[in-house]
Amino acid sequence: MPNLLTKLFFFVKRPRIIIVVGRGRFCATEAISRVLEKYFKVARIKKIDLKSILKNEILVLESEIKEAKAFKFFVEESKLAILVATHIGEIPPDQDFFAGEKEDAKGILKLAKILPERSNLILNFDDETIREIKDLTNLKTLTFGFQEGADFQATDIKLNTGTNFKLNYQGNIVPVWLDYLFGKEQIYSALSAISVGISLNLNLVETSQTLKFYKSLPGKK
């Protein structure tokens with residue numbers, strides 16, 4: 001648990017905090033960090049510590065969520081809290097909808113329910129178990145995925161030296177390039193990063209273009 005000094009400096013500095021959860025959190029955290037570091041001082045972390053608070057404006061926290069209450073102080077005192085829930089179910093290669101186990105979503109739901117009203121919730125629309133969280137909270141929510149109905153929908157996917165797809169958002173269609181990266185996991189990660197960018201009022205086109213230089217994690221192609 002963070003000590004009193006860590007909490008004190010967090011209270012004073014009030015950095016934004018982005019908590020990334022689910023099975024896709026590793027790649028998503030990387031993509032989100034890469035997009036945001038162009039605009040902010042960003043720390044990608046696995047636990048909240050004094051050093052990251054002192055040096056950064058945004059903390060991107062990759063978490064398993066064992067105890068939702070451990071985040072209560074930080075989400076309440078941050079300038080803005082964003083919870084990004086990636087998939088918890090296995091991603092099927094041949095269809096765009098699936099569902100994780102409800103038991104696996106309980107910790108995510110508990111965290112979503114302690115977020116202040118000013119917080120943002122970003123959910124994987126294709127995982128039906130994750131999508132349901134939207135209906136169980138009153139938070140401002142954005143969704144991403146391949147299915148029609150997602151706020152950020154990936155369509156027209158093409159493969160060459162990487163992955164190209166069209167991003168559909170509120171009637172706007174923006175091309176996205178992921179050089180040397182392949183697979184649905186990478187597209188989900190890109191969509192989550194763009195969703196976070198929009199939550200922070202970044203430009204849609206600029207954010208999408210930044211992903212061209214996103215290299216993902218070793219072994220995560």
# chains A, B, ... in the order shown; residues from 1 in each chain; ligands from 1
>>> select_by_dssp(residues="range 6-211 of chain A", states="strand (DSSP E or B)", output="number ranges by chain")
A: 16-21, 42-45, 58-62, 81-85, 98, 120-124, 127, 140-145, 148, 150, 152-159, 162-169, 172-179
>>> closest_atom_pairs(of="range 11-113 of chain A", to="range 187-211 of chain A", cutoff="7 Å", atoms="only C-alpha atoms", output="Markdown table")
| residue | atom | partner | partner_atom | distance |
| --- | --- | --- | --- | --- |
| A:Cys27 | CA | A:Ser189 | CA | 5.9 |
| A:Ala28 | CA | A:Ser189 | CA | 4.2 |
| A:Ala31 | CA | A:Ala193 | CA | 5.7 |
| A:Ile32 | CA | A:Ala193 | CA | 4.3 |
| A:Val35 | CA | A:Thr210 | CA | 6.0 |
>>> write_last_selection(atoms="C-alpha atoms", output="tab-separated table (two decimals), in the first residue's frame")
chain	number	residue	atom	x	y	z
A	27	CYS	CA	-0.26	-3.90	-25.16
A	28	ALA	CA	-2.94	-1.32	-24.40
A	31	ALA	CA	-0.06	2.07	-26.90
A	32	ILE	CA	-1.71	4.57	-24.56
A	35	VAL	CA	0.32	8.28	-27.77
>>> atom_distance(atom1="CA of Glu77 in chain A", atom2="CA of Phe10 in chain A")
7.6 Å
>>> residues_around(residues="Phe9 in chain A", least_positions_apart="3", cutoff="10 Å", atoms="only C-alpha atoms", output="PyMOL selection string")
chain A and resi 4-6+12-15+49-51+53-54
>>> residues_around(residues="Leu181 in chain A", least_positions_apart="2", cutoff="10 Å", atoms="only C-alpha atoms", output="list in words")
Leu159, Asn160, Thr161, Gly162, Thr163, Asn164, Trp177, Leu178, Asp179, Gly183, Lys184, Glu185, Gln186, Ile187, Lys212, Tyr214, Lys215, Ser216, Lys220 and Lys221 of chain A
>>> write_last_selection(atoms="N, CA and C atoms", output="PDB file, in the first residue's frame")
ATOM      1  N   LEU A 159      -3.839  -6.031 -44.554  1.00  0.00           N
ATOM      2  CA  LEU A 159      -2.514  -6.417 -44.087  1.00  0.00           C
ATOM      3  C   LEU A 159      -1.504  -6.292 -45.213  1.00  0.00           C
ATOM      4  N   ASN A 160      -0.366  -5.691 -44.908  1.00  0.00           N
ATOM      5  CA  ASN A 160       0.768  -5.667 -45.842  1.00  0.00           C
ATOM      6  C   ASN A 160       2.038  -5.743 -45.011  1.00  0.00           C
ATOM      7  N   THR A 161       2.785  -4.661 -44.887  1.00  0.00           N
ATOM      8  CA  THR A 161       3.947  -4.671 -43.987  1.00  0.00           C
ATOM      9  C   THR A 161       3.534  -4.380 -42.553  1.00  0.00           C
ATOM     10  N   GLY A 162       2.275  -4.310 -42.350  1.00  0.00           N
ATOM     11  CA  GLY A 162       1.694  -4.068 -41.038  1.00  0.00           C
ATOM     12  C   GLY A 162       0.188  -4.168 -41.174  1.00  0.00           C
ATOM     13  N   THR A 163      -0.521  -3.433 -40.353  1.00  0.00           N
ATOM     14  CA  THR A 163      -1.976  -3.453 -40.382  1.00  0.00           C
ATOM     15  C   THR A 163      -2.516  -2.058 -40.670  1.00  0.00           C
ATOM     16  N   ASN A 164      -3.362  -1.958 -41.676  1.00  0.00           N
ATOM     17  CA  ASN A 164      -4.068  -0.705 -41.970  1.00  0.00           C
ATOM     18  C   ASN A 164      -5.552  -0.923 -41.706  1.00  0.00           C
ATOM     19  N   TRP A 177      -2.444   3.403 -39.393  1.00  0.00           N
ATOM     20  CA  TRP A 177      -1.397   2.475 -39.823  1.00  0.00           C
ATOM     21  C   TRP A 177      -0.655   1.963 -38.596  1.00  0.00           C
ATOM     22  N   LEU A 178      -0.463   0.666 -38.540  1.00  0.00           N
ATOM     23  CA  LEU A 178       0.360   0.044 -37.506  1.00  0.00           C
ATOM     24  C   LEU A 178       1.483  -0.713 -38.213  1.00  0.00           C
ATOM     25  N   ASP A 179       2.625  -0.102 -38.312  1.00  0.00           N
ATOM     26  CA  ASP A 179       3.735  -0.704 -39.053  1.00  0.00           C
ATOM     27  C   ASP A 179       4.267  -1.950 -38.346  1.00  0.00           C
ATOM     28  N   GLY A 183      -2.698  -8.520 -35.949  1.00  0.00           N
ATOM     29  CA  GLY A 183      -3.568  -9.186 -34.997  1.00  0.00           C
ATOM     30  C   GLY A 183      -4.570  -8.258 -34.342  1.00  0.00           C
ATOM     31  N   LYS A 184      -5.674  -8.849 -33.902  1.00  0.00           N
ATOM     32  CA  LYS A 184      -6.751  -8.078 -33.275  1.00  0.00           C
ATOM     33  C   LYS A 184      -6.298  -7.395 -31.986  1.00  0.00           C
ATOM     34  N   GLU A 185      -5.419  -8.042 -31.248  1.00  0.00           N
ATOM     35  CA  GLU A 185      -4.927  -7.448 -30.000  1.00  0.00           C
ATOM     36  C   GLU A 185      -4.310  -6.078 -30.242  1.00  0.00           C
ATOM     37  N   GLN A 186      -3.535  -5.976 -31.339  1.00  0.00           N
ATOM     38  CA  GLN A 186      -2.892  -4.702 -31.646  1.00  0.00           C
ATOM     39  C   GLN A 186      -3.910  -3.641 -32.061  1.00  0.00           C
ATOM     40  N   ILE A 187      -4.928  -4.045 -32.788  1.00  0.00           N
ATOM     41  CA  ILE A 187      -5.967  -3.091 -33.195  1.00  0.00           C
ATOM     42  C   ILE A 187      -6.746  -2.620 -31.969  1.00  0.00           C
ATOM     43  N   LYS A 212       1.378   5.258 -35.819  1.00  0.00           N
ATOM     44  CA  LYS A 212       2.232   4.705 -36.872  1.00  0.00           C
ATOM     45  C   LYS A 212       3.617   4.347 -36.319  1.00  0.00           C
ATOM     46  N   TYR A 214       4.119   3.390 -33.128  1.00  0.00           N
ATOM     47  CA  TYR A 214       3.957   2.528 -31.969  1.00  0.00           C
ATOM     48  C   TYR A 214       4.546   1.148 -32.288  1.00  0.00           C
ATOM     49  N   LYS A 215       5.440   0.664 -31.429  1.00  0.00           N
ATOM     50  CA  LYS A 215       6.165  -0.585 -31.700  1.00  0.00           C
ATOM     51  C   LYS A 215       5.686  -1.755 -30.864  1.00  0.00           C
ATOM     52  N   SER A 216       4.744  -1.556 -29.969  1.00  0.00           N
ATOM     53  CA  SER A 216       4.208  -2.608 -29.119  1.00  0.00           C
ATOM     54  C   SER A 216       5.302  -3.176 -28.204  1.00  0.00           C
ATOM     55  N   LYS A 220       4.900  -9.323 -28.797  1.00  0.00           N
ATOM     56  CA  LYS A 220       3.462  -9.017 -28.880  1.00  0.00           C
ATOM     57  C   LYS A 220       3.118  -8.473 -30.254  1.00  0.00           C
ATOM     58  N   LYS A 221       3.309  -9.238 -31.272  1.00  0.00           N
ATOM     59  CA  LYS A 221       2.997  -8.817 -32.633  1.00  0.00           C
ATOM     60  C   LYS A 221       1.610  -9.279 -33.037  1.00  0.00           C
TER      61      LYS A 221
END
>>> residues_around(residues="Phe152 in chain A", least_positions_apart="5", cutoff="6 Å", atoms="only C-alpha atoms", output="JSON, numbers by chain")
{"A": [144, 168, 169]}
>>> atom_distance(atom1="CA of Phe71 in chain A", atom2="CA of Pro116 in chain A")
11.6 Å
>>> residues_around(residues="Arg23 in chain A", least_positions_apart="3", cutoff="9 Å", atoms="only C-alpha atoms", output="compact mmCIF listing (two decimals) with N, CA and C atoms, in the first residue's frame")
# COMPACT_ATOMS: atom_id res chain seq x y z
N PHE A 26 -1.47 -5.23 -21.28
CA PHE A 26 -0.04 -5.04 -21.54
C PHE A 26 0.18 -4.21 -22.80
N GLU A 64 -3.84 -5.60 -12.27
CA GLU A 64 -4.66 -6.82 -12.23
C GLU A 64 -5.94 -6.59 -11.41
N ALA A 85 -10.96 -0.76 -19.74
CA ALA A 85 -11.17 -2.20 -19.57
C ALA A 85 -11.03 -2.88 -20.93
N THR A 86 -9.96 -3.62 -21.12
CA THR A 86 -9.74 -4.36 -22.35
C THR A 86 -10.54 -5.67 -22.25
N HIS A 87 -10.27 -6.61 -23.09
CA HIS A 87 -11.04 -7.87 -23.07
C HIS A 87 -10.62 -8.75 -21.91
N ILE A 88 -11.57 -9.56 -21.43
CA ILE A 88 -11.24 -10.59 -20.44
C ILE A 88 -11.48 -11.98 -21.02
N GLY A 89 -12.19 -12.04 -22.14
CA GLY A 89 -12.40 -13.32 -22.83
C GLY A 89 -11.34 -13.55 -23.89
N GLU A 90 -11.26 -14.77 -24.38
CA GLU A 90 -10.36 -15.10 -25.47
C GLU A 90 -10.85 -14.43 -26.75
>>> residues_around(residues="Phe74 in chain A", least_positions_apart="5", cutoff="10 Å", atoms="only C-alpha atoms", output="PyMOL selection string")
chain A and resi 7+10-11+14-17+48+69+79-81+115
>>> write_last_selection(atoms="C-alpha atoms", output="mmCIF file, in the first residue's frame")
data_model
loop_
_atom_site.group_PDB
_atom_site.id
_atom_site.type_symbol
_atom_site.label_atom_id
_atom_site.label_comp_id
_atom_site.auth_asym_id
_atom_site.auth_seq_id
_atom_site.Cartn_x
_atom_site.Cartn_y
_atom_site.Cartn_z
ATOM 1 C CA LYS A 7 -0.590 10.107 -0.831
ATOM 2 C CA PHE A 10 -0.493 12.845 -4.980
ATOM 3 C CA PHE A 11 -3.023 15.111 -3.276
ATOM 4 C CA ARG A 14 -3.194 15.664 -8.558
ATOM 5 C CA PRO A 15 -1.922 13.901 -11.698
ATOM 6 C CA ARG A 16 -4.386 12.312 -14.062
ATOM 7 C CA ILE A 17 -4.503 8.546 -13.630
ATOM 8 C CA ILE A 48 1.867 4.235 -7.714
ATOM 9 C CA LYS A 69 -10.558 -0.140 -2.636
ATOM 10 C CA LYS A 79 -7.519 15.602 -11.703
ATOM 11 C CA LEU A 80 -9.134 12.989 -13.940
ATOM 12 C CA ALA A 81 -9.435 9.221 -13.607
ATOM 13 C CA LEU A 115 -14.857 6.144 -9.687
#
>>> atom_distance(atom1="CA of Leu167 in chain A", atom2="CA of Phe97 in chain A")
18.0 Å
>>> closest_residue(among="A:Asp126, A:Glu117, A:Asp151, A:Asp156", to="Asn138 in chain A", atoms="only C-alpha atoms")
A:Glu117
>>> select_by_dssp(residues="range 21-201 of chain A", states="alpha helix (DSSP H)", output="CSV table (one decimal) with C-alpha atoms, in the first residue's frame")
chain,number,residue,atom,x,y,z
A,25,ARG,CA,-3.7,-4.5,-20.6
A,26,PHE,CA,0.0,-5.0,-21.5
A,27,CYS,CA,-0.3,-3.9,-25.2
A,28,ALA,CA,-2.9,-1.3,-24.4
A,29,THR,CA,-0.8,0.3,-21.7
A,30,GLU,CA,2.1,0.5,-24.1
A,31,ALA,CA,-0.1,2.1,-26.9
A,32,ILE,CA,-1.7,4.6,-24.6
A,33,SER,CA,1.6,5.7,-23.1
A,34,ARG,CA,3.2,6.1,-26.6
A,35,VAL,CA,0.3,8.3,-27.8
A,36,LEU,CA,0.2,10.5,-24.7
A,50,LEU,CA,6.5,9.0,-5.2
A,51,LYS,CA,8.9,9.3,-8.0
A,52,SER,CA,6.3,8.9,-10.7
A,53,ILE,CA,4.0,11.4,-9.0
A,54,LEU,CA,6.7,14.1,-8.8
A,55,LYS,CA,7.8,13.8,-12.4
A,72,LYS,CA,-10.1,4.7,-4.0
A,73,PHE,CA,-7.9,7.6,-2.7
A,74,PHE,CA,-6.1,8.0,-6.0
A,75,VAL,CA,-9.1,8.1,-8.3
A,76,GLU,CA,-10.9,10.5,-6.0
A,77,GLU,CA,-8.0,12.9,-5.7
A,102,LYS,CA,-18.6,-12.7,-15.4
A,103,GLU,CA,-16.5,-13.7,-12.4
A,104,ASP,CA,-13.4,-12.2,-14.0
A,105,ALA,CA,-15.2,-8.9,-14.4
A,106,LYS,CA,-16.2,-8.4,-10.8
A,107,GLY,CA,-13.1,-6.6,-9.8
A,108,ILE,CA,-13.3,-4.3,-12.8
A,109,LEU,CA,-17.0,-3.5,-11.9
A,110,LYS,CA,-16.1,-2.8,-8.3
A,111,LEU,CA,-13.5,-0.3,-9.4
A,112,ALA,CA,-15.8,1.3,-11.9
A,113,LYS,CA,-18.4,1.9,-9.2
A,114,ILE,CA,-16.0,3.8,-6.9
A,128,GLU,CA,-20.0,-8.5,-24.0
A,129,THR,CA,-19.1,-9.0,-20.4
A,130,ILE,CA,-17.0,-5.9,-20.4
A,131,ARG,CA,-19.6,-4.0,-22.5
A,184,LYS,CA,-6.8,-8.1,-33.3
A,185,GLU,CA,-4.9,-7.4,-30.0
A,186,GLN,CA,-2.9,-4.7,-31.6
A,187,ILE,CA,-6.0,-3.1,-33.2
A,188,TYR,CA,-7.8,-3.1,-29.9
A,189,SER,CA,-4.7,-1.5,-28.2
A,190,ALA,CA,-4.7,1.2,-30.9
A,191,LEU,CA,-8.4,1.8,-30.4
A,192,SER,CA,-8.0,2.1,-26.7
A,193,ALA,CA,-5.2,4.6,-27.1
A,194,ILE,CA,-7.3,6.7,-29.4
A,195,SER,CA,-10.2,6.6,-27.0
A,196,VAL,CA,-8.0,7.8,-24.2
A,197,GLY,CA,-6.7,10.6,-26.5
A,198,ILE,CA,-10.2,11.8,-27.2
A,199,SER,CA,-11.1,11.7,-23.5
>>> closest_residue(among="A:Ile82, A:Ala43, A:Ala150, A:Leu121", to="Thr137 in chain A", atoms="only C-alpha atoms")
A:Leu121
